[in-house]
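Colleague: Hey, dropping upload30.cif in here, mmCIF, C-alpha atoms:
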data_run
#
loop_
_atom_site.label_atom_id
_atom_site.label_comp_id
_atom_site.auth_asym_id
_atom_site.auth_seq_id
_atom_site.Cartn_x
_atom_site.Cartn_y
_atom_site.Cartn_z
CA MET A 37 0.00 0.00 0.00
CA ALA A 38 2.64 2.48 -1.00
CA GLY A 39 2.37 5.11 -3.63
CA TYR A 40 0.94 8.48 -4.55
CA PHE A 41 -2.71 9.37 -4.30
CA SER A 42 -4.80 12.47 -4.88
CA VAL A 43 -8.33 13.70 -4.65
CA GLY A 44 -10.29 16.76 -5.68
CA GLY A 45 -13.15 17.85 -3.48
CA PHE A 46 -16.60 18.99 -4.51
CA ARG A 47 -17.31 22.65 -5.27
CA THR A 48 -18.15 24.03 -1.85
CA LEU A 49 -20.14 27.20 -1.24
CA GLY A 50 -19.11 29.75 1.33
CA THR A 51 -21.20 29.42 4.47
CA ALA A 52 -20.61 32.82 6.09
CA ALA A 53 -19.22 30.90 9.03
CA THR A 54 -15.98 32.13 10.55
CA PRO A 55 -14.24 29.79 10.18
CA GLN A 56 -15.43 27.20 7.62
CA ASN A 57 -13.79 23.79 7.38
CA LEU A 58 -13.21 23.02 3.71
CA MET A 59 -11.37 19.70 3.71
CA THR A 60 -9.38 17.42 5.98
CA ILE A 61 -7.02 14.50 5.54
CA GLU A 62 -6.38 12.15 8.43
CA ASN A 63 -4.28 9.11 9.20
CA ILE A 64 -5.69 6.69 11.75
CA ASP A 65 -3.27 3.87 11.01
CA ALA A 66 -0.86 2.71 13.69
CA THR A 67 1.79 1.50 11.29
CA LYS A 68 1.59 3.66 8.17
CA LEU A 69 2.54 7.27 7.50
CA ILE A 70 1.06 9.85 5.17
CA TYR A 71 3.32 12.36 3.46
CA ILE A 72 1.50 15.43 2.17
CA ARG A 73 2.90 16.44 -1.23
CA ARG A 74 0.58 19.21 -2.36
CA VAL A 75 -2.49 21.10 -1.16
CA VAL A 76 -4.14 23.46 -3.62
CA VAL A 77 -7.21 25.61 -3.17
CA GLN A 78 -9.07 27.52 -5.85
CA MET A 79 -11.99 29.87 -5.52
CA ASP A 80 -14.35 31.69 -7.85
CA ALA A 81 -16.09 34.65 -6.23
CA THR A 82 -19.00 35.93 -8.26
CA ALA A 83 -19.98 38.86 -6.06
CA VAL A 84 -18.27 42.06 -5.05
CA LEU A 85 -16.22 42.12 -1.88
CA VAL A 86 -14.62 45.44 -1.02
CA SER A 87 -13.26 44.31 2.34
CA VAL A 88 -10.38 41.96 2.93
CA MET A 89 -10.71 38.53 1.37
CA PRO A 90 -10.76 35.32 3.42
CA GLN A 91 -7.55 33.48 4.15
CA VAL A 92 -7.21 29.75 3.69
CA LYS A 93 -5.18 28.23 6.49
CA LEU A 94 -3.52 24.86 6.81
CA SER A 95 -3.04 23.45 10.28
CA ARG A 96 -2.81 20.23 12.19
CA ALA A 97 -6.28 19.61 13.60
CA THR A 98 -6.34 19.25 17.36
CA ALA A 99 -8.12 15.89 17.07
CA VAL A 100 -9.13 13.45 14.37
CA PRO A 101 -11.96 15.07 12.40
CA THR A 102 -15.47 13.73 12.20
CA GLY A 103 -18.43 14.45 9.97
CA GLY A 104 -18.17 15.74 6.42
CA THR A 105 -18.24 13.55 3.34
CA ALA A 106 -15.51 10.96 2.85
CA LEU A 107 -14.15 11.19 -0.70
CA SER A 108 -13.08 8.46 -3.09
CA LYS A 109 -9.31 8.56 -3.45
CA GLY A 110 -7.56 8.68 -6.83
CA GLN A 111 -4.51 6.54 -7.54
CA PHE A 112 -1.39 7.56 -9.44
CA ASP A 113 -0.95 3.84 -10.13
CA THR A 114 -3.82 1.37 -9.94
CA ASN A 115 -1.37 -1.26 -8.70
CA ASN A 116 -1.24 0.70 -5.43
CA ALA A 117 -4.31 0.79 -3.20
CA SER A 118 -4.70 3.58 -0.70
CA ASN A 119 -4.82 2.59 2.95
CA ALA A 120 -8.40 2.49 4.23
CA ASN A 121 -7.11 4.38 7.27
CA SER A 122 -6.20 7.37 5.11
CA ILE A 123 -9.38 9.42 5.05
CA VAL A 124 -10.17 12.64 3.18
CA ARG A 125 -13.28 14.58 4.18
CA CYS A 126 -15.04 17.31 2.23
CA GLY A 127 -17.49 19.90 3.56
CA THR A 128 -20.18 18.97 1.05
CA ALA A 129 -21.40 15.84 -0.71
CA SER A 130 -21.96 17.36 -4.16
CA ASP A 131 -20.96 20.36 -6.25
CA GLY A 132 -22.65 23.41 -4.76
CA GLY A 133 -24.61 21.15 -2.43
CA ALA A 134 -25.65 21.57 1.15
CA ALA A 135 -22.91 21.62 3.72
CA THR A 136 -21.95 18.37 5.40
CA ALA A 137 -20.01 20.02 8.14
CA ILE A 138 -16.61 18.68 9.11
CA THR A 139 -16.04 18.81 12.83
CA ALA A 140 -12.43 19.76 13.41
CA THR A 141 -10.55 22.36 15.38
CA ALA A 142 -7.60 24.15 13.91
CA GLY A 143 -4.20 24.01 15.49
CA THR A 144 -1.32 26.34 14.84
CA THR A 145 -1.25 27.59 11.28
CA LEU A 146 1.36 25.85 9.14
CA TRP A 147 0.84 27.87 5.98
CA GLN A 148 -1.81 30.13 4.54
CA GLN A 149 -3.02 31.74 1.36
CA TYR A 150 -5.19 34.47 0.04
CA CYS A 151 -7.01 33.36 -3.11
CA MET A 152 -9.01 36.10 -4.83
CA ARG A 153 -11.84 38.57 -4.54
CA MET A 154 -13.73 40.82 -6.93
CA HIS A 155 -13.36 44.44 -5.86
CA THR A 156 -15.61 45.36 -8.73
CA VAL A 157 -17.22 42.72 -10.84
CA VAL A 158 -15.58 43.50 -14.15
CA GLY A 159 -13.21 41.83 -16.52
CA GLN A 160 -11.64 38.41 -16.70
CA VAL A 161 -11.48 36.11 -13.70
CA LEU A 162 -8.53 33.71 -13.63
CA ALA A 163 -7.91 30.79 -11.34
CA PRO A 164 -4.28 30.27 -10.41
CA ASP A 165 -3.29 27.40 -8.12
CA ASN A 166 -3.18 28.62 -4.53
CA ASN A 167 -0.82 26.39 -2.64
CA VAL A 168 -1.93 26.02 0.95
CA ALA A 169 1.14 23.96 1.79
CA PRO A 170 4.54 25.25 0.71
CA LEU A 171 5.72 23.69 -2.54
CA LEU A 172 8.78 22.27 -0.86
CA VAL A 173 6.64 19.53 0.70
CA ASP A 174 7.09 17.91 -2.70
CA THR A 175 10.44 16.78 -1.36
CA GLN A 176 10.44 17.72 2.33
CA ASP A 177 8.12 15.39 4.20
CA LEU A 178 5.07 16.88 5.89
CA ILE A 179 4.05 13.79 7.86
CA LEU A 180 0.77 12.62 9.33
CA ARG A 181 1.29 9.94 11.93
CA GLN A 182 -1.40 7.87 13.65
CA ASN A 183 -4.44 9.94 14.63
CA GLN A 184 -3.07 13.10 13.10
CA ALA A 185 -4.93 15.23 10.59
CA LEU A 186 -4.52 18.31 8.48
CA LEU A 187 -7.32 20.83 8.25
CA ILE A 188 -7.86 23.25 5.36
CA GLN A 189 -9.95 26.03 6.78
CA ILE A 190 -11.40 29.25 5.37
CA VAL A 191 -10.93 32.10 7.82
CA ALA A 192 -12.91 35.22 7.01
CA SER A 193 -12.69 38.49 8.85
CA ALA A 194 -16.48 38.64 8.86
CA GLY A 195 -19.27 36.32 7.82
CA ALA A 196 -20.02 38.63 4.92
CA SER A 197 -16.56 37.95 3.53
CA ASN A 198 -17.43 34.38 2.72
CA PRO A 199 -20.94 34.27 1.27
CA ALA A 200 -22.47 31.50 -0.79
CA THR A 201 -21.22 33.29 -3.90
CA ASN A 202 -17.75 32.04 -3.03
CA HIS A 203 -17.18 28.72 -4.78
CA TRP A 204 -14.27 26.80 -3.26
CA PHE A 205 -12.56 23.54 -3.94
CA CYS A 206 -9.43 21.84 -2.73
CA ASN A 207 -7.04 19.26 -4.22
CA ILE A 208 -4.73 17.16 -2.06
CA VAL A 209 -1.86 14.96 -3.21
CA TRP A 210 -0.15 12.63 -0.76
CA GLU A 211 2.14 9.65 -0.52
CA GLU A 212 1.69 6.58 1.67
CA ASP A 213 4.49 4.34 2.81
CA MET B 660 13.90 3.31 -17.70
CA ALA B 661 14.33 3.42 -21.46
CA PHE B 662 11.16 4.93 -22.79
CA SER B 663 9.85 3.98 -26.20
CA PHE B 664 8.06 7.30 -26.59
CA ASN B 665 8.10 10.78 -25.15
CA GLY B 666 5.71 13.18 -26.77
CA SER B 667 2.45 15.01 -26.65
CA VAL B 668 -0.64 16.02 -28.51
CA PRO B 669 -3.09 18.87 -27.93
CA GLY B 670 -6.75 18.27 -28.52
CA LEU B 671 -8.77 20.14 -31.08
CA THR B 672 -10.52 23.28 -29.93
CA ALA B 673 -13.85 22.22 -28.47
CA LEU B 674 -16.78 24.58 -28.18
CA GLY B 675 -18.88 24.49 -25.05
CA ASN B 676 -21.88 22.21 -25.37
CA ASP B 677 -24.69 23.86 -23.39
CA ALA B 678 -24.62 20.93 -20.98
CA THR B 679 -23.41 20.45 -17.44
CA THR B 680 -20.73 17.98 -18.49
CA GLN B 681 -18.55 17.84 -21.58
CA ASN B 682 -15.78 15.35 -22.28
CA ILE B 683 -12.93 17.25 -23.94
CA TYR B 684 -10.02 14.78 -24.02
CA THR B 685 -9.31 11.16 -23.26
CA LEU B 686 -6.20 9.02 -23.30
CA THR B 687 -6.67 5.25 -23.41
CA ASN B 688 -4.03 2.58 -23.10
CA LYS B 689 -5.82 -0.32 -24.72
CA VAL B 690 -6.15 -3.81 -23.34
CA GLY B 691 -3.25 -5.88 -24.66
CA SER B 692 -0.93 -2.87 -24.81
CA ARG B 693 2.79 -3.51 -24.37
CA VAL B 694 3.50 -0.17 -22.68
CA ASN B 695 2.60 1.66 -19.52
CA VAL B 696 1.75 5.32 -20.12
CA LEU B 697 3.29 7.79 -17.66
CA ILE B 698 1.51 11.13 -17.80
CA ARG B 699 3.97 13.99 -17.32
CA ARG B 700 1.78 17.03 -17.86
CA ALA B 701 -1.85 17.80 -18.57
CA THR B 702 -3.00 21.36 -19.08
CA VAL B 703 -6.26 22.96 -20.10
CA GLN B 704 -6.93 26.38 -21.51
CA VAL B 705 -10.14 28.18 -22.30
CA ASP B 706 -10.99 31.39 -24.07
CA THR B 707 -14.37 32.69 -23.00
CA ILE B 708 -15.77 35.37 -25.24
CA ALA B 709 -19.03 36.09 -23.47
CA ALA B 710 -19.77 37.29 -19.97
CA LEU B 711 -20.51 34.75 -17.27
CA THR B 712 -21.47 36.21 -13.93
CA SER B 713 -22.06 32.88 -12.20
CA VAL B 714 -19.44 30.36 -11.15
CA MET B 715 -17.13 29.12 -13.90
CA PRO B 716 -16.95 25.45 -14.90
CA ILE B 717 -14.45 23.11 -13.30
CA VAL B 718 -12.25 20.86 -15.44
CA ARG B 719 -11.74 17.48 -13.81
CA CYS B 720 -9.36 14.63 -14.43
CA SER B 721 -10.50 11.13 -13.55
CA ARG B 722 -9.83 7.54 -14.44
CA ALA B 723 -12.65 6.67 -16.81
CA THR B 724 -14.30 3.71 -18.52
CA ALA B 725 -16.45 3.01 -21.58
CA ILE B 726 -14.74 5.51 -23.88
CA SER B 727 -15.84 5.93 -27.46
CA GLY B 728 -16.59 8.58 -30.05
CA GLY B 729 -14.73 11.73 -30.95
CA ALA B 730 -11.74 11.76 -33.26
CA ILE B 731 -8.46 9.94 -32.67
CA LEU B 732 -5.38 12.15 -32.69
CA ALA B 733 -1.86 11.24 -33.80
CA PRO B 734 0.70 11.95 -31.05
CA SER B 735 3.93 13.79 -31.84
CA ALA B 736 7.22 12.33 -30.62
CA TYR B 737 9.89 14.58 -29.15
CA SER B 738 12.46 12.43 -30.91
CA THR B 739 11.71 11.24 -34.42
CA THR B 740 13.39 7.93 -33.62
CA GLN B 741 10.43 7.15 -31.36
CA SER B 742 6.79 6.51 -32.05
CA SER B 743 3.77 6.07 -29.85
CA SER B 744 2.32 2.61 -29.40
CA ALA B 745 -0.70 1.86 -31.56
CA SER B 746 -2.38 0.82 -28.33
CA VAL B 747 -2.30 4.38 -26.98
CA GLU B 748 -5.33 6.25 -28.19
CA VAL B 749 -6.07 9.95 -27.66
CA ARG B 750 -9.54 11.22 -28.43
CA THR B 751 -10.90 14.73 -28.84
CA PRO B 752 -14.41 15.87 -29.68
CA VAL B 753 -14.97 17.34 -33.14
CA MET B 754 -17.55 20.12 -33.11
CA ASP B 755 -21.03 18.99 -32.12
CA GLY B 756 -21.29 15.90 -34.27
CA PHE B 757 -18.58 13.78 -32.69
CA PRO B 758 -18.62 14.04 -28.90
CA ILE B 759 -16.63 11.70 -26.70
CA THR B 760 -18.69 9.27 -24.65
CA ALA B 761 -17.12 8.18 -21.37
CA THR B 762 -17.98 7.30 -17.81
CA GLN B 763 -15.97 9.38 -15.37
CA GLY B 764 -14.45 8.03 -12.18
CA GLY B 765 -13.60 9.80 -8.93
CA THR B 766 -11.89 13.15 -9.33
CA VAL B 767 -8.11 12.83 -9.26
CA TYR B 768 -7.44 16.53 -9.73
CA GLN B 769 -9.32 19.57 -10.95
CA GLN B 770 -9.01 23.17 -12.06
CA TYR B 771 -10.98 26.30 -12.56
CA CYS B 772 -9.75 28.09 -15.65
CA ALA B 773 -11.32 31.46 -16.45
CA ARG B 774 -14.49 33.39 -17.03
CA MET B 775 -15.36 36.91 -18.12
CA HIS B 776 -17.44 38.61 -15.49
CA THR B 777 -17.78 41.43 -17.96
CA ALA B 778 -16.35 41.30 -21.44
CA VAL B 779 -13.74 44.01 -21.22
CA GLU B 780 -10.00 44.48 -21.47
CA GLN B 781 -7.25 41.96 -22.09
CA VAL B 782 -7.94 38.23 -21.85
CA LEU B 783 -5.11 35.97 -20.72
CA ALA B 784 -4.73 32.23 -21.11
CA PRO B 785 -2.38 30.71 -18.56
CA ASP B 786 -1.72 26.99 -18.43
CA ASN B 787 -4.09 25.34 -15.99
CA ASN B 788 -2.69 22.05 -14.73
CA VAL B 789 -5.38 19.37 -14.64
CA LEU B 790 -2.96 16.98 -13.01
CA PRO B 791 -0.57 18.18 -10.31
CA ALA B 792 2.71 19.42 -11.73
CA LEU B 793 4.57 16.86 -9.62
CA VAL B 794 3.58 14.10 -12.06
CA GLU B 795 6.60 15.34 -13.98
CA SER B 796 8.69 13.29 -11.56
CA GLN B 797 6.13 11.08 -9.77
CA ASP B 798 4.68 8.55 -12.17
CA PHE B 799 0.98 8.86 -12.88
CA ILE B 800 0.46 5.58 -14.70
CA VAL B 801 -2.19 4.55 -17.19
CA ARG B 802 -1.76 0.80 -17.46
CA PRO B 803 -3.15 -1.43 -20.23
CA GLY B 804 -6.91 -1.40 -20.11
CA GLU B 805 -7.07 1.98 -18.38
CA SER B 806 -8.07 5.48 -19.49
CA ILE B 807 -8.06 9.01 -18.19
CA LEU B 808 -10.70 11.60 -18.95
CA PHE B 809 -10.69 15.39 -18.84
CA GLN B 810 -14.19 16.68 -18.38
CA VAL B 811 -15.74 20.14 -18.12
CA VAL B 812 -18.29 20.27 -15.29
CA GLY B 813 -20.55 23.33 -15.24
CA ALA B 814 -22.82 24.35 -12.42
CA THR B 815 -25.60 24.88 -14.97
CA THR B 816 -25.99 24.36 -18.69
CA ALA B 817 -25.49 28.10 -19.16
CA SER B 818 -22.03 27.88 -17.57
CA ASN B 819 -20.55 26.20 -20.63
CA ALA B 820 -22.31 27.96 -23.46
CA ARG B 821 -21.81 26.64 -26.95
CA LEU B 822 -20.61 29.82 -28.59
CA SER B 823 -18.76 31.28 -25.63
CA ASN B 824 -16.22 28.78 -24.38
CA TYR B 825 -13.36 27.48 -26.50
CA TRP B 826 -11.50 24.67 -24.74
CA TRP B 827 -8.54 22.50 -25.36
CA VAL B 828 -6.42 20.09 -23.36
CA SER B 829 -2.78 19.27 -24.00
CA CYS B 830 -1.20 16.13 -22.63
CA GLU B 831 2.42 14.99 -22.54
CA TRP B 832 3.46 11.47 -21.65
CA GLU B 833 6.14 8.82 -21.80
CA GLU B 834 5.65 5.18 -22.73
CA ASP B 835 7.47 2.58 -20.70
CA PRO B 836 7.76 -0.80 -22.45
CA ILE B 837 6.47 -3.80 -20.53
CA ALA B 838 8.78 -6.82 -20.46
CA THR B 839 7.65 -9.60 -22.77
CA PHE B 840 8.83 -12.83 -24.30
CA ALA B 841 8.41 -13.76 -27.95
CA ILE B 842 6.18 -16.43 -29.41
CA SER B 843 5.91 -17.35 -33.08
CA GLY B 844 4.90 -20.09 -35.44
CA THR B 845 3.92 -21.06 -38.97
CA VAL B 846 0.45 -22.07 -40.08
CA THR B 847 0.48 -24.94 -42.53
CA LEU B 848 -2.12 -27.05 -44.30
CA SER B 849 -0.98 -30.32 -45.77
CA ALA B 850 2.59 -29.19 -45.08
CA SER B 851 2.18 -25.98 -47.13
CA PRO B 852 2.26 -22.52 -45.55
CA VAL B 853 -1.12 -20.86 -45.29
CA SER B 854 -1.61 -17.17 -45.89
CA GLY B 855 -4.75 -15.49 -44.64
CA ALA B 856 -5.08 -17.69 -41.59
CA ILE B 857 -6.20 -15.92 -38.44
CA VAL B 858 -4.07 -16.43 -35.35
CA THR B 859 -5.65 -15.26 -32.11
CA VAL B 860 -3.24 -14.60 -29.25
CA ILE B 861 -4.47 -14.33 -25.70
CA GLU B 862 -2.72 -14.05 -22.36
CA ALA B 863 -3.79 -14.50 -18.77
CA ASP B 864 -2.48 -14.34 -15.24
CA ASP B 865 -2.09 -18.10 -14.82
CA GLU B 866 -2.78 -21.50 -16.34
CA SER B 867 -6.40 -21.28 -15.19
CA MET B 868 -6.67 -18.33 -17.59
CA THR B 869 -7.52 -15.89 -14.86
CA ASN B 870 -8.15 -12.40 -16.29
CA PRO B 871 -7.79 -13.38 -19.95
CA VAL B 872 -6.87 -10.62 -22.39
CA LEU B 873 -6.97 -10.61 -26.17
CA VAL B 874 -3.47 -9.58 -27.20
CA GLU B 875 -3.96 -9.41 -30.92
CA LYS B 876 -5.38 -10.96 -34.03
CA ILE B 877 -2.77 -11.77 -36.67
CA VAL B 878 -3.50 -12.58 -40.31
CA THR B 879 -0.66 -14.66 -41.69
CA GLY B 880 1.23 -13.56 -44.76
CA ALA B 881 2.61 -15.49 -47.67
CA GLY B 882 4.92 -17.68 -45.59
CA GLY B 883 2.21 -18.55 -43.08
CA THR B 884 4.33 -17.19 -40.29
CA TRP B 885 3.12 -15.27 -37.30
CA ALA B 886 4.82 -13.72 -34.27
CA SER B 887 3.62 -12.03 -31.12
CA THR B 888 4.61 -11.40 -27.53
CA ILE B 889 3.39 -12.39 -24.09
CA LYS B 890 4.05 -10.30 -21.00
CA THR B 891 6.73 -11.74 -18.75
CA GLY B 892 5.03 -13.58 -15.90
CA LYS B 893 1.83 -14.16 -17.86
CA VAL B 894 0.62 -17.28 -19.65
CA GLY B 895 -0.12 -17.07 -23.36
CA ALA B 896 -2.05 -19.11 -25.86
CA ALA B 897 -2.52 -18.99 -29.62
CA TYR B 898 -5.33 -20.44 -31.74
CA VAL B 899 -5.72 -20.70 -35.51
CA GLN B 900 -8.71 -20.36 -37.78
CA TYR B 901 -8.68 -20.52 -41.57
CA LYS B 902 -11.42 -20.37 -44.12
CA SER B 903 -10.91 -21.50 -47.70
CA GLY B 904 -14.04 -21.14 -49.79
CA ALA B 905 -16.79 -22.83 -47.85
CA THR B 906 -14.36 -24.96 -45.86
CA TYR B 907 -13.43 -24.00 -42.32
CA TYR B 908 -10.22 -25.19 -40.69
CA THR B 909 -8.77 -25.01 -37.27
CA ALA B 910 -5.74 -26.56 -35.64
CA PRO B 911 -4.68 -27.72 -32.21
CA GLY B 912 -4.04 -24.65 -30.11
CA SER B 913 -0.78 -23.68 -28.51
CA PRO B 914 -1.73 -23.22 -24.88
CA TYR B 915 0.35 -22.62 -21.78
CA LEU B 916 3.04 -20.53 -23.45
CA GLU B 917 5.17 -19.36 -20.53
#
Go ahead and express the file in the form of structure tokens.
Modeller:
Amino acid sequence: MAGYFSVGGFRTLGTAATPQNLMTIENIDATKLIYIRRVVVQMDATAVLVSVMPQVKLSRATAVPTGGTALSKGQFDTNNASNANSIVRCGTASDGGAATAITATAGTTLWQQYCMRMHTVVGQVLAPDNNVAPLLVDTQDLILRQNQALLIQIVASAGASNPATNHWFCNIVWEED
Amino acid sequence: MAFSFNGSVPGLTALGNDATTQNIYTLTNKVGSRVNVLIRRATVQVDTIAALTSVMPIVRCSRATAISGGAILAPSAYSTTQSSSASVEVRTPVMDGFPITATQGGTVYQQYCARMHTAVEQVLAPDNNVLPALVESQDFIVRPGESILFQVVGATTASNARLSNYWWVSCEWEEDPIATFAISGTVTLSASPVSGAIVTVIEADDESMTNPVLVEKIVTGAGGTWASTIKTGKVGAAYVQYKSGATYYTAPGSPYLE
């Protein structure tokens, strides 16, 4: 059960909650490790926001998350099966669907990102990759041991900063030993 | 690894289809293939020429099944001494009349690309990676019998309007030959070589023919000879059929080729 795996979450609407848990990845295996290799968030905001945009923060959750929607994991090589104890949770069960809240509490922020906002709703809207983990985790191991989890969380300065016109998703790539 | 192919091919420009899903590129490594396909880069671009004030479509990559339709593209090798395996098949839709049909799997990776909230000013077209850039060094493998699909997923049918969105996907990959051993023979009838005989080669995991796969159908030439390969570690078998006028022939098979 070694190899690389990845998953893209469903399109998740802003909930006006401060904060909002977007996605988690957890390892509940006593003998296997997870190495995070990439965490990317993208967002399309379709409404004006003239105040500061939300941040997306990556942290170790204080406990193993619960709730949310467990996602099917993609394989870089179908000869490698992902460990059933590697679990990725999303805050909704369908694109733009109702929230299936992930229960998790953020720890100390590891890394964070702004994504985008529309100060006025004009012109082209692009969608660059927003790396919520530093790119060097490609080669420098960010490790999840037993009962550890990473939380990707939207932190808005006010509920109005993260309305349902914010359309988020997250991609995670990881390696299992 | 000594790769037999390193190259790429961009898809044709595909107009939006006024639907919530649109298949815009597939890569299939056919059953019986003698290579593993290692995807090294997959990017999507879109030019949107009309305003869209709601959420833009997402482009998703997944492992897919049941792929058909569209047009088959010829890959370009980065070295002219190489060529892509005939078992590697890239499909693109051609206008409205030739869509790709496919059943998507779970999302492996995904991207927003662009939209025009209002149609003003300069429009840019950056590369949008539909697989993580790290596949450049970490093998994302499409084994024989597998496919990947790049699919536009709109929130509504209006999100991917026919005359507004112009998509394409580009994919770059390497082909890693799978170890095989050679098998061959000559078809004869009354001690004379037979041309036009059909030799069917199959392989399986073991002598119980677990997971049988049709490797190829060979039509013998003037000398009646045929040759094929079986993957190392697999068990092969070859069977002959020949029709001459209204007379049908067969011959004892060649099973358990290991």
Colleague: Report, in Å to a single decimal, how far apart atom CA of B:Gly883 and atom CA of B:Pro836 are.
Modeller: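 Between atom CA of B:Pro836 and atom CA of B:Gly883 the gap works out to 27.8 Å.
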Colleague: My list of candidates is B:Cys720, B:Leu697, B:Leu671, B:Ala773. Which is closest to chain A when distances are computed with all atoms listed in the file?
Modeller: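 Counting all atoms listed in the file, the residue closest to chain A is B:Ala773.
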Colleague: Between atom CA of A:Lys93 and atom CA of A:Thr139, what distance in Å does the model show, to one decimal?
Modeller: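 Distance reported for this atom pair: 15.7 Å.
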Colleague: What residues in chain A lie within 7 Å of chain B, counting all atoms listed in the file, written as a PyMOL selection string?
Modeller: chain A and resi 42-44+80+82+108+110+112-113+157-163+203+207
Colleague: Pull out every residue that the PyMOL selection byres ((chain B and resi 843) around 10) matches in the shown coordinates and put them as a list in words.
Modeller: Ala841, Ile842, Gly844, Thr845, Thr884, Trp885, Ala886, Ser887, Thr888 and Ala897 of chain B
Colleague: Save stretch 761-782 of chain B from what I just supplied, as a CSV table (one decimal), in the first residue's frame, atoms limited to C-alpha atoms.
Modeller:
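Resulting contents of out-v7.csv:
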chain,number,residue,atom,x,y,z
B,761,ALA,CA,-17.1,8.2,-21.4
B,762,THR,CA,-18.0,7.3,-17.8
B,763,GLN,CA,-16.0,9.4,-15.4
B,764,GLY,CA,-14.4,8.0,-12.2
B,765,GLY,CA,-13.6,9.8,-8.9
B,766,THR,CA,-11.9,13.1,-9.3
B,767,VAL,CA,-8.1,12.8,-9.3
B,768,TYR,CA,-7.4,16.5,-9.7
B,769,GLN,CA,-9.3,19.6,-11.0
B,770,GLN,CA,-9.0,23.2,-12.1
B,771,TYR,CA,-11.0,26.3,-12.6
B,772,CYS,CA,-9.8,28.1,-15.7
B,773,ALA,CA,-11.3,31.5,-16.5
B,774,ARG,CA,-14.5,33.4,-17.0
B,775,MET,CA,-15.4,36.9,-18.1
B,776,HIS,CA,-17.4,38.6,-15.5
B,777,THR,CA,-17.8,41.4,-18.0
B,778,ALA,CA,-16.4,41.3,-21.4
B,779,VAL,CA,-13.7,44.0,-21.2
B,780,GLU,CA,-10.0,44.5,-21.5
B,781,GLN,CA,-7.2,42.0,-22.1
B,782,VAL,CA,-7.9,38.2,-21.8
